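Undergrad: So that you have it, the file is my_file-v9.txt, and it contains compact mmCIF, C-alpha atoms and all ligand atoms:
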# COMPACT_ATOMS: atom_id res chain seq x y z
CA MET A 686 0.00 0.00 0.00
CA ALA A 687 2.58 2.52 1.11
CA GLU A 688 4.87 1.65 -1.77
CA LYS A 689 2.10 2.07 -4.29
CA GLN A 690 1.25 5.44 -2.86
CA GLU A 691 4.84 6.50 -3.26
CA ASP A 692 4.72 5.41 -6.88
CA ASN A 693 1.66 7.53 -7.38
CA LEU A 694 3.29 10.50 -5.77
CA GLN A 695 6.32 10.19 -7.98
CA GLN A 696 4.29 10.04 -11.17
CA PRO A 697 3.61 13.77 -11.48
CA ASP A 698 7.35 14.50 -11.17
CA ASN A 699 7.84 13.16 -14.68
CA ASN A 700 5.57 15.85 -16.00
CA ASP A 701 7.10 18.54 -13.88
CA ASP A 702 9.33 19.89 -16.62
CA ASN A 703 7.26 22.81 -17.65
CA ASP A 704 6.77 23.49 -21.33
CA THR A 705 9.44 25.62 -22.78
CA ASP A 706 8.20 28.60 -24.72
CA ASN A 707 9.54 27.46 -28.09
CA ASN A 708 6.25 26.07 -29.34
CA LYS A 709 4.46 27.93 -32.06
CA ASP A 710 0.82 28.79 -31.59
CA ASP A 711 -0.21 26.08 -34.05
CA ASN A 712 1.65 23.50 -32.10
CA ASP A 713 0.13 24.73 -28.92
CA ASN A 714 -3.33 24.30 -30.38
CA ASN A 715 -2.62 20.76 -31.41
CA LYS A 716 -1.08 20.11 -28.08
CA ASP A 717 -4.17 21.39 -26.32
CA ASP A 718 -6.30 18.90 -28.23
CA ASN A 719 -4.01 16.10 -27.21
CA ASP A 720 -3.98 17.31 -23.65
CA ASP A 721 -7.75 17.09 -23.51
CA GLU A 722 -7.68 13.46 -24.59
CA LEU A 723 -4.79 12.66 -22.33
CA GLY A 724 -6.55 14.44 -19.51
CA ILE A 725 -9.55 12.14 -19.64
CA SER A 726 -7.55 8.95 -20.03
CA ASP A 727 -5.23 10.09 -17.27
CA VAL A 728 -8.17 10.50 -14.95
CA MET A 729 -9.59 7.12 -15.98
CA ASP A 730 -6.19 5.56 -15.40
CA LEU A 731 -5.86 7.22 -12.05
CA LEU A 732 -9.29 6.04 -10.98
CA ARG A 733 -8.47 2.52 -12.07
CA ARG A 734 -5.21 2.62 -10.17
CA MET A 735 -7.02 4.00 -7.16
CA GLY A 736 -9.19 0.91 -7.46
CA MET A 737 -6.09 -1.27 -7.77
CA ASP A 738 -4.82 0.08 -4.51
CA GLN A 739 -7.91 -1.10 -2.72
CA GLU A 740 -8.25 -4.65 -1.63
CA THR A 741 -10.85 -6.55 -3.60
CA PRO A 742 -13.81 -7.20 -1.31
CA PRO A 743 -14.68 -10.83 -0.66
CA GLN A 744 -16.77 -12.68 -3.25
CA VAL A 745 -20.18 -13.42 -1.79
CA LEU A 746 -21.50 -15.59 -4.63
CA SER A 747 -20.44 -19.26 -4.81
CA GLU A 748 -19.74 -18.61 -8.50
CA LEU A 749 -20.13 -15.59 -10.80
CA SER A 750 -23.03 -16.97 -12.79
CA LEU A 751 -26.82 -17.04 -12.78
CA LYS A 752 -26.56 -20.26 -10.76
CA GLY A 753 -24.43 -18.48 -8.18
CA VAL A 754 -27.04 -15.73 -7.92
CA ALA A 755 -29.87 -18.28 -7.59
CA GLU A 756 -28.03 -20.06 -4.77
CA PHE A 757 -27.50 -16.73 -3.04
CA ILE A 758 -31.18 -15.79 -3.34
CA ALA A 759 -32.14 -19.17 -1.87
CA SER A 760 -29.78 -18.68 1.08
CA ASP A 761 -30.75 -16.79 4.22
CA LYS A 762 -28.06 -14.19 3.47
CA CYS A 763 -30.25 -12.60 0.84
CA GLN A 764 -33.21 -10.79 2.38
CA ASN A 765 -33.36 -7.46 0.55
CA ILE A 766 -33.26 -7.30 -3.22
CA ILE A 767 -33.32 -4.09 -5.24
CA VAL A 768 -34.29 -4.32 -8.89
CA MET A 769 -33.58 -1.58 -11.43
CA THR A 770 -35.49 -1.75 -14.69
CA GLY A 771 -35.79 -0.01 -18.04
CA ALA A 772 -37.71 -0.24 -21.30
CA GLY A 773 -36.47 -3.80 -21.94
CA ILE A 774 -38.87 -5.26 -19.39
CA SER A 775 -41.84 -3.76 -21.23
CA THR A 776 -41.01 -4.41 -24.86
CA ALA A 777 -42.57 -7.89 -24.64
CA ALA A 778 -45.81 -6.14 -23.67
CA GLY A 779 -45.70 -4.37 -27.03
CA ILE A 780 -44.68 -1.02 -25.62
CA PRO A 781 -42.19 0.58 -28.00
CA ASP A 782 -38.93 1.93 -26.70
CA PHE A 783 -40.19 5.39 -27.56
CA ARG A 784 -36.97 7.16 -26.69
CA SER A 785 -35.25 5.70 -29.71
CA PRO A 786 -36.24 6.72 -33.22
CA GLY A 787 -37.52 4.28 -35.79
CA THR A 788 -40.15 2.56 -33.63
CA GLY A 789 -43.77 2.29 -34.60
CA LEU A 790 -44.72 5.04 -32.24
CA TYR A 791 -42.37 7.48 -33.86
CA SER A 792 -43.76 6.81 -37.27
CA GLN A 793 -47.18 7.57 -35.82
CA LEU A 794 -45.78 10.84 -34.56
CA GLU A 795 -44.25 11.71 -37.91
CA LYS A 796 -47.18 13.88 -38.88
CA TYR A 797 -46.24 16.26 -36.10
CA ASN A 798 -42.78 16.86 -37.58
CA LEU A 799 -40.92 16.70 -34.30
CA PRO A 800 -37.62 18.60 -34.69
CA HIS A 801 -35.93 15.62 -32.99
CA PRO A 802 -37.32 12.57 -31.16
CA GLN A 803 -36.56 13.88 -27.66
CA ALA A 804 -38.61 17.01 -28.33
CA ILE A 805 -41.67 15.13 -27.19
CA PHE A 806 -40.20 15.19 -23.67
CA GLU A 807 -39.04 18.80 -23.74
CA LEU A 808 -41.01 21.38 -21.82
CA ASP A 809 -40.36 24.22 -24.27
CA TYR A 810 -41.63 22.10 -27.11
CA TYR A 811 -44.67 20.99 -25.08
CA LYS A 812 -45.59 24.61 -24.45
CA GLU A 813 -45.62 25.29 -28.19
CA ASN A 814 -46.96 21.94 -29.39
CA PRO A 815 -48.70 19.90 -26.71
CA GLU A 816 -50.47 17.55 -29.15
CA PRO A 817 -47.65 15.01 -29.77
CA PHE A 818 -47.11 14.38 -26.05
CA CYS A 819 -50.86 14.13 -25.49
CA MET A 820 -51.05 11.52 -28.22
CA LEU A 821 -48.16 9.61 -26.71
CA ALA A 822 -49.81 9.83 -23.28
CA LYS A 823 -53.01 8.35 -24.71
CA GLU A 824 -51.05 5.50 -26.28
CA MET A 825 -48.98 4.82 -23.16
CA TRP A 826 -51.80 5.26 -20.67
CA PRO A 827 -51.64 2.58 -17.97
CA GLY A 828 -54.19 -0.10 -18.72
CA ASN A 829 -53.56 -0.29 -22.46
CA TYR A 830 -50.98 -3.03 -22.02
CA ASN A 831 -50.52 -6.21 -19.98
CA PRO A 832 -47.54 -6.70 -17.68
CA THR A 833 -44.79 -9.04 -18.85
CA ILE A 834 -43.20 -12.02 -17.13
CA SER A 835 -40.51 -9.61 -15.92
CA HIS A 836 -43.14 -7.52 -14.13
CA HIS A 837 -44.56 -10.68 -12.58
CA PHE A 838 -41.06 -11.63 -11.47
CA LEU A 839 -40.99 -8.41 -9.42
CA CYS A 840 -44.33 -9.37 -7.90
CA LEU A 841 -43.00 -12.84 -7.16
CA LEU A 842 -39.98 -11.41 -5.33
CA GLU A 843 -42.40 -9.26 -3.35
CA LYS A 844 -44.56 -12.29 -2.59
CA LYS A 845 -41.48 -14.12 -1.29
CA GLY A 846 -40.74 -11.17 0.99
CA LEU A 847 -37.46 -10.45 -0.82
CA LEU A 848 -38.17 -7.26 -2.75
CA LEU A 849 -36.87 -4.18 -0.98
CA ARG A 850 -37.69 -1.85 -3.86
CA SER A 851 -38.02 -1.71 -7.61
CA PHE A 852 -36.63 1.37 -9.34
CA THR A 853 -37.80 1.89 -12.89
CA GLN A 854 -37.15 4.35 -15.68
CA ASN A 855 -40.42 3.28 -17.30
CA ILE A 856 -43.54 5.40 -17.25
CA ASP A 857 -45.97 2.64 -18.19
CA GLY A 858 -46.85 1.67 -14.62
CA LEU A 859 -47.06 -2.00 -15.57
CA GLU A 860 -45.59 -3.05 -12.22
CA LEU A 861 -48.70 -1.70 -10.53
CA VAL A 862 -50.99 -3.26 -13.12
CA GLY A 863 -49.28 -6.55 -12.31
CA GLY A 864 -50.14 -6.08 -8.64
CA LEU A 865 -46.94 -4.69 -7.14
CA PRO A 866 -47.80 -2.51 -4.12
CA GLU A 867 -47.21 1.16 -4.86
CA GLU A 868 -44.73 1.61 -1.99
CA LYS A 869 -42.45 -1.01 -3.57
CA LEU A 870 -42.08 0.99 -6.78
CA VAL A 871 -40.01 4.09 -7.44
CA ALA A 872 -40.84 5.52 -10.85
CA ALA A 873 -37.66 7.54 -11.35
CA HIS A 874 -38.95 9.27 -14.45
CA GLY A 875 -42.39 9.94 -13.05
CA SER A 876 -45.81 8.53 -13.88
CA PHE A 877 -49.26 9.45 -15.12
CA HIS A 878 -50.64 9.10 -11.63
CA THR A 879 -50.59 12.81 -10.87
CA SER A 880 -50.56 15.91 -13.08
CA HIS A 881 -49.74 19.53 -12.45
CA CYS A 882 -50.29 22.85 -14.16
CA ILE A 883 -46.94 23.86 -15.66
CA ASP A 884 -47.58 27.46 -14.58
CA CYS A 885 -49.42 27.66 -11.22
CA GLN A 886 -48.53 24.06 -10.21
CA GLN A 887 -52.14 23.22 -9.33
CA LEU A 888 -52.65 19.49 -8.89
CA HIS A 889 -55.14 17.89 -11.27
CA GLN A 890 -56.86 14.60 -10.70
CA LEU A 891 -56.06 11.45 -12.63
CA GLU A 892 -59.60 10.94 -13.93
CA TRP A 893 -59.86 14.54 -15.11
CA ILE A 894 -56.71 14.48 -17.22
CA LYS A 895 -57.44 11.00 -18.50
CA GLU A 896 -60.78 12.19 -19.79
CA LYS A 897 -59.17 15.15 -21.58
CA ILE A 898 -56.41 13.07 -23.12
CA PHE A 899 -58.72 10.31 -24.28
CA ALA A 900 -61.05 12.90 -25.81
CA GLY A 901 -58.06 14.22 -27.77
CA GLU A 902 -58.17 17.55 -25.93
CA VAL A 903 -55.16 19.45 -24.66
CA PRO A 904 -55.48 19.58 -20.84
CA ARG A 905 -55.61 23.15 -19.53
CA CYS A 906 -55.53 24.30 -15.91
CA THR A 907 -58.94 24.60 -14.26
CA LYS A 908 -57.86 27.22 -11.74
CA GLU A 909 -59.71 30.45 -12.36
CA GLY A 910 -57.72 32.85 -14.50
CA CYS A 911 -54.91 30.34 -15.24
CA GLY A 912 -55.66 28.13 -18.21
CA ALA A 913 -52.00 27.12 -18.68
CA LEU A 914 -51.11 23.62 -19.85
CA VAL A 915 -51.41 20.70 -17.47
CA LYS A 916 -48.85 17.92 -17.79
CA PRO A 917 -48.78 14.44 -16.25
CA ASP A 918 -45.85 14.19 -13.84
CA ILE A 919 -43.62 12.45 -16.36
CA VAL A 920 -40.08 13.74 -15.97
CA PHE A 921 -39.14 15.74 -19.05
CA PHE A 922 -35.56 16.37 -20.14
CA GLY A 923 -33.90 18.83 -17.80
CA GLU A 924 -36.54 18.41 -15.09
CA ALA A 925 -35.70 17.24 -11.61
CA LEU A 926 -36.44 13.66 -10.68
CA PRO A 927 -39.21 13.06 -8.14
CA GLU A 928 -38.34 13.67 -4.51
CA ARG A 929 -39.28 10.08 -3.78
CA PHE A 930 -36.42 8.92 -5.98
CA PHE A 931 -33.81 10.67 -3.83
CA LYS A 932 -35.43 9.56 -0.58
CA ALA A 933 -35.57 5.96 -1.72
CA MET A 934 -31.86 5.99 -2.58
CA GLU A 935 -31.34 5.23 1.11
CA ASP A 936 -32.57 1.72 0.30
CA PHE A 937 -29.38 0.91 -1.52
CA LYS A 938 -27.46 0.77 1.75
CA LYS A 939 -29.74 -2.05 2.93
CA ALA A 940 -29.62 -4.15 -0.22
CA ASP A 941 -28.13 -7.68 -0.26
CA LEU A 942 -28.49 -8.09 -4.02
CA LEU A 943 -28.99 -5.78 -6.99
CA ILE A 944 -30.70 -6.97 -10.16
CA VAL A 945 -30.61 -4.70 -13.23
CA MET A 946 -32.93 -5.58 -16.12
CA GLY A 947 -33.62 -4.21 -19.58
CA THR A 948 -31.87 -0.87 -19.42
CA SER A 949 -28.95 0.51 -21.38
CA LEU A 950 -27.81 2.36 -18.22
CA LYS A 951 -27.19 5.43 -20.34
CA VAL A 952 -29.39 7.91 -18.51
CA GLN A 953 -28.04 9.75 -15.50
CA PRO A 954 -28.57 9.88 -12.63
CA PHE A 955 -30.47 6.57 -12.84
CA ASN A 956 -27.43 4.62 -14.03
CA LEU A 957 -25.34 5.81 -11.10
CA LEU A 958 -27.60 3.86 -8.75
CA VAL A 959 -25.69 0.67 -9.55
CA ASP A 960 -22.81 2.03 -7.49
CA GLN A 961 -24.99 2.82 -4.48
CA VAL A 962 -25.02 -0.70 -3.06
CA ALA A 963 -22.24 -1.77 -0.69
CA LYS A 964 -19.00 -3.02 -2.27
CA THR A 965 -19.70 -6.61 -1.27
CA VAL A 966 -23.22 -6.73 -2.75
CA PRO A 967 -23.54 -9.00 -5.80
CA ARG A 968 -25.05 -7.45 -8.93
CA LEU A 969 -26.87 -9.30 -11.70
CA LEU A 970 -27.53 -7.80 -15.11
CA ILE A 971 -30.24 -9.41 -17.25
CA ASN A 972 -30.10 -7.75 -20.64
CA ARG A 973 -29.63 -8.53 -24.32
CA GLU A 974 -26.13 -7.12 -24.22
CA LYS A 975 -23.56 -6.12 -21.66
CA VAL A 976 -24.09 -2.57 -20.47
CA GLY A 977 -22.77 -0.43 -17.67
CA ASP A 978 -19.37 -2.10 -17.62
CA GLY A 979 -16.60 0.39 -17.15
CA MET A 980 -17.08 3.99 -16.26
CA LEU A 981 -20.54 5.50 -16.13
CA GLY A 982 -19.68 9.10 -16.80
CA MET A 983 -17.36 10.87 -14.39
CA PHE A 984 -18.83 9.52 -11.19
CA GLY A 985 -19.89 5.98 -11.87
CA HIS A 986 -17.60 2.98 -11.65
CA GLY A 987 -20.11 0.63 -13.26
CA PHE A 988 -20.01 -3.14 -13.55
CA ASP A 989 -16.95 -5.31 -13.81
CA PHE A 990 -17.92 -8.53 -15.57
CA ASP A 991 -14.64 -9.48 -17.17
CA SER A 992 -11.55 -8.04 -15.53
CA GLU A 993 -9.15 -10.07 -13.43
CA ARG A 994 -10.52 -8.33 -10.39
CA LYS A 995 -14.16 -9.26 -10.99
CA TYR A 996 -15.77 -10.56 -7.83
CA ARG A 997 -19.47 -9.75 -7.77
CA ASP A 998 -20.97 -8.82 -11.15
CA VAL A 999 -22.83 -11.32 -13.31
CA ALA A 1000 -24.14 -10.64 -16.82
CA HIS A 1001 -26.89 -12.94 -18.06
CA LEU A 1002 -27.34 -12.02 -21.71
CA ASP A 1003 -30.89 -12.71 -22.79
CA ASP A 1004 -34.20 -10.93 -23.08
CA CYS A 1005 -35.62 -10.01 -19.70
CA ASP A 1006 -38.52 -12.47 -19.65
CA SER A 1007 -36.31 -15.44 -20.56
CA GLY A 1008 -33.73 -14.36 -18.00
CA CYS A 1009 -36.36 -14.19 -15.26
CA VAL A 1010 -37.69 -17.62 -16.22
CA ALA A 1011 -34.16 -19.08 -16.20
CA LEU A 1012 -33.45 -17.64 -12.77
CA CYS A 1013 -36.78 -18.81 -11.39
CA GLU A 1014 -36.22 -22.29 -12.80
CA MET A 1015 -33.00 -22.56 -10.78
CA LEU A 1016 -34.91 -21.40 -7.72
CA GLY A 1017 -37.77 -23.85 -8.26
CA TRP A 1018 -40.15 -20.92 -8.81
CA LYS A 1019 -40.73 -21.26 -12.53
CA ASP A 1020 -44.24 -22.74 -12.36
CA GLU A 1021 -45.31 -20.14 -9.84
CA LEU A 1022 -44.00 -17.33 -12.06
CA LEU A 1023 -45.69 -18.63 -15.19
CA GLN A 1024 -48.91 -19.24 -13.27
CA MET A 1025 -48.93 -15.63 -12.06
CA SER A 1026 -48.43 -14.40 -15.57
CA LYS A 1027 -51.03 -16.75 -17.01
CA SER A 1028 -53.76 -15.95 -14.52
CA HIS A 1029 -53.21 -12.21 -14.87
CA ASN A 1030 -53.37 -12.23 -18.62
CA GLY A 1031 -56.41 -14.48 -18.79
CA GLY A 1032 -54.49 -17.53 -19.92
CA THR A 1033 -52.99 -15.85 -22.94
CA ALA A 1034 -49.46 -15.57 -21.58
CA SER A 1035 -46.85 -16.73 -24.02
ZN ZN B 1101 -52.58 26.73 -13.50
Any chance you could put this one into structure tokens?

TA:
Amino acid sequence: MAEKQEDNLQQPDNNDDNDTDNNKDDNDNNKDDNDDELGISDVMDLLRRMGMDQETPPQVLSELSLKGVAEFIASDKCQNIIVMTGAGISTAAGIPDFRSPGTGLYSQLEKYNLPHPQAIFELDYYKENPEPFCMLAKEMWPGNYNPTISHHFLCLLEKKGLLLRSFTQNIDGLELVGGLPEEKLVAAHGSFHTSHCIDCQQLHQLEWIKEKIFAGEVPRCTKEGCGALVKPDIVFFGEALPERFFKAMEDFKKADLLIVMGTSLKVQPFNLLVDQVAKTVPRLLINREKVGDGMLGMFGHGFDFDSERKYRDVAHLDDCDSGCVALCEMLGWKDELLQMSKSHNGGTAS
């Protein structure tokens, strides 16, 4: 430890020779560009080496695989599971990943000539053109879709007394449709459950705004003399996340296991949550591809599935529903999971 620190301290000495003033301006410009790149990689390198200086925490899982996670869940060491989810758990329900262009929903929205796909979640755009968001809200309104096996998996964890909390980026509310108690869900990007006037902040009731949106009307504030737009409390770009999100972050300290499903982990601050569990806590990713490995922006360390120092992160590469079924099969819960899904969807579960 001490030796390594000395090494680190000596490093900057090599760069101590200050630039002589012989460089031309052009060279300086080029050099600045290089410095920027070097600057970032230097920081990355430093962070990695800072990590190297720490002792690797003990491996809790019997093996770094889905089987190892299943064994851990079955043991009495695992009492509090946090699940983080994204659009991938809802695609099997037929809900398009509306944040990415090229989906069916976007072609429906083409007639509105959005300047760019994200405009639909921008407040300035909403103020000028509320219709596209209202149409999206009508399409996405909770109740239009059935929960997937992944949503039922959350309910199953809850039924087993193991679910501490489910954090989702989704605004479809399918967890609640599937029967998850409201207090178990943190909708990080908001929900349709409440709506507010964007000007006077007056709260508007769910039934009222639903009626407006389903009638194809733009919802306007009912407070006398206001008449500004009302918006469901979906978090738009640049808006603060719900207070509940920040309060519930406390949960991460209590977690024994973190499961991340169906998210690209690209959106901050949601993606930084993966680093909020204790260093010993195992983390399972169920997703079509590896995500979140390596740095997550400046502040996130992310997953480590493959390095020599890996000790707790497991990537199970599959679609979310199949991953949940595979995990439940190892736990002896598969029939129960499929039964929950089947009975909820009137026997039409695939
Ligand atoms: Zn108002």

Undergrad: Which residues, written as a PDB file with C-alpha atoms, in the coordinates of the input, have at least one atom at most 10 Å from Phe806 of chain A, with all atoms listed in the file counted and residues fewer than 5 positions away on the same chain left out?

TA:
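Listed below is the output, result.pdb:
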ATOM      1  CA  ARG A 784     -36.970   7.160 -26.690  1.00  0.00           C
ATOM      2  CA  TYR A 811     -44.670  20.990 -25.080  1.00  0.00           C
ATOM      3  CA  PRO A 817     -47.650  15.010 -29.770  1.00  0.00           C
ATOM      4  CA  PHE A 818     -47.110  14.380 -26.050  1.00  0.00           C
ATOM      5  CA  ILE A 919     -43.620  12.450 -16.360  1.00  0.00           C
ATOM      6  CA  VAL A 920     -40.080  13.740 -15.970  1.00  0.00           C
ATOM      7  CA  PHE A 921     -39.140  15.740 -19.050  1.00  0.00           C
ATOM      8  CA  PHE A 922     -35.560  16.370 -20.140  1.00  0.00           C
ATOM      9  CA  GLY A 923     -33.900  18.830 -17.800  1.00  0.00           C
ATOM     10  CA  GLU A 924     -36.540  18.410 -15.090  1.00  0.00           C
TER      11      GLU A 924
END

Undergrad: Any idea what the distance is between atom CA of Ala777 of chain A and atom CA of Ser1028 of chain A?

TA: 17.1 Å

Undergrad: Between chain A and ligand ZN 1101 (chain B), at 7 Å or less, what are the per-residue closest atom pairs and their distances in Å? Count only C-alpha atoms and all ligand atoms, order by chain and rising residue number, and return it as JSON lines.

TA:
{"residue": "A:Cys882", "atom": "CA", "partner": "B:ZN1101", "partner_atom": "ZN", "distance": 4.6}
{"residue": "A:Ile883", "atom": "CA", "partner": "B:ZN1101", "partner_atom": "ZN", "distance": 6.7}
{"residue": "A:Asp884", "atom": "CA", "partner": "B:ZN1101", "partner_atom": "ZN", "distance": 5.2}
{"residue": "A:Cys885", "atom": "CA", "partner": "B:ZN1101", "partner_atom": "ZN", "distance": 4.0}
{"residue": "A:Gln886", "atom": "CA", "partner": "B:ZN1101", "partner_atom": "ZN", "distance": 5.9}
{"residue": "A:Gln887", "atom": "CA", "partner": "B:ZN1101", "partner_atom": "ZN", "distance": 5.5}
{"residue": "A:Cys906", "atom": "CA", "partner": "B:ZN1101", "partner_atom": "ZN", "distance": 4.5}
{"residue": "A:Thr907", "atom": "CA", "partner": "B:ZN1101", "partner_atom": "ZN", "distance": 6.8}
{"residue": "A:Lys908", "atom": "CA", "partner": "B:ZN1101", "partner_atom": "ZN", "distance": 5.6}
{"residue": "A:Cys911", "atom": "CA", "partner": "B:ZN1101", "partner_atom": "ZN", "distance": 4.6}
{"residue": "A:Gly912", "atom": "CA", "partner": "B:ZN1101", "partner_atom": "ZN", "distance": 5.8}
{"residue": "A:Ala913", "atom": "CA", "partner": "B:ZN1101", "partner_atom": "ZN", "distance": 5.2}

Undergrad: Distance atom CA of Pro904 of chain A-atom CA of Pro815 of chain A, one decimal place?

TA: 9.0 Å

Undergrad: Would you kindly return, as a count of residues only, each protein, DNA or RNA residue with an atom no farther than 8 Å from any atom of Arg850 of chain A, considering only C-alpha atoms and excluding same-chain residues fewer than 2 positions away?

TA: 9

Undergrad: Please tell me which residues are no farther than 12 Å from (-37.6, -18.9, -13.6) in the file, counting only C-alpha atoms, and write them as a ChimeraX atom specification.

TA: /A:751-752,755,834-835,837-839,841-842,1005-1026

Undergrad: Give me, please, the distance in Å between atom CA of Lys932 of chain A and atom CA of Ala804 of chain A, quoted to one decimal.

TA: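 Computing the Euclidean distance for atom CA of Lys932 of chain A and atom CA of Ala804 of chain A yields 28.9 Å.
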
Undergrad: Which residue gives the smallest distance to His874 of chain A among A:Leu958, A:Ala963, A:Ala925, A:Val999, with all atoms listed in the file counted?

TA: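 Residue with the minimum atom-to-atom distance to His874 of chain A: A:Ala925.
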
Undergrad: Point out the residue among A:Phe877, A:Phe990, A:Phe937, A:Phe955 with the least atom-to-atom distance to Gly828 of chain A, counting all atoms listed in the file.

TA: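 Smallest distance to Gly828 of chain A is found for A:Phe877.
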
Undergrad: Between A:Lys916, A:Asp941, A:Asp998, A:Tyr830, single out the one closest to Lys812 of chain A, counting all atoms listed in the file.

TA: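 Nearest candidate to Lys812 of chain A out of A:Lys916, A:Asp941, A:Asp998, A:Tyr830: A:Lys916.
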
Undergrad: For a cutoff of 8 Å around the file-coordinate point (-40.9, 9.4, -8.0), which residues qualify once you count all atoms listed in the file? I'd like the result as a list of chain:residue names.

TA: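 Checked against the point, the hits come out as A:Val871, A:Ala872, A:Ala873, A:His874, A:Gly875, A:Ser876, A:Leu926, A:Pro927, A:Glu928, A:Arg929, A:Phe930.
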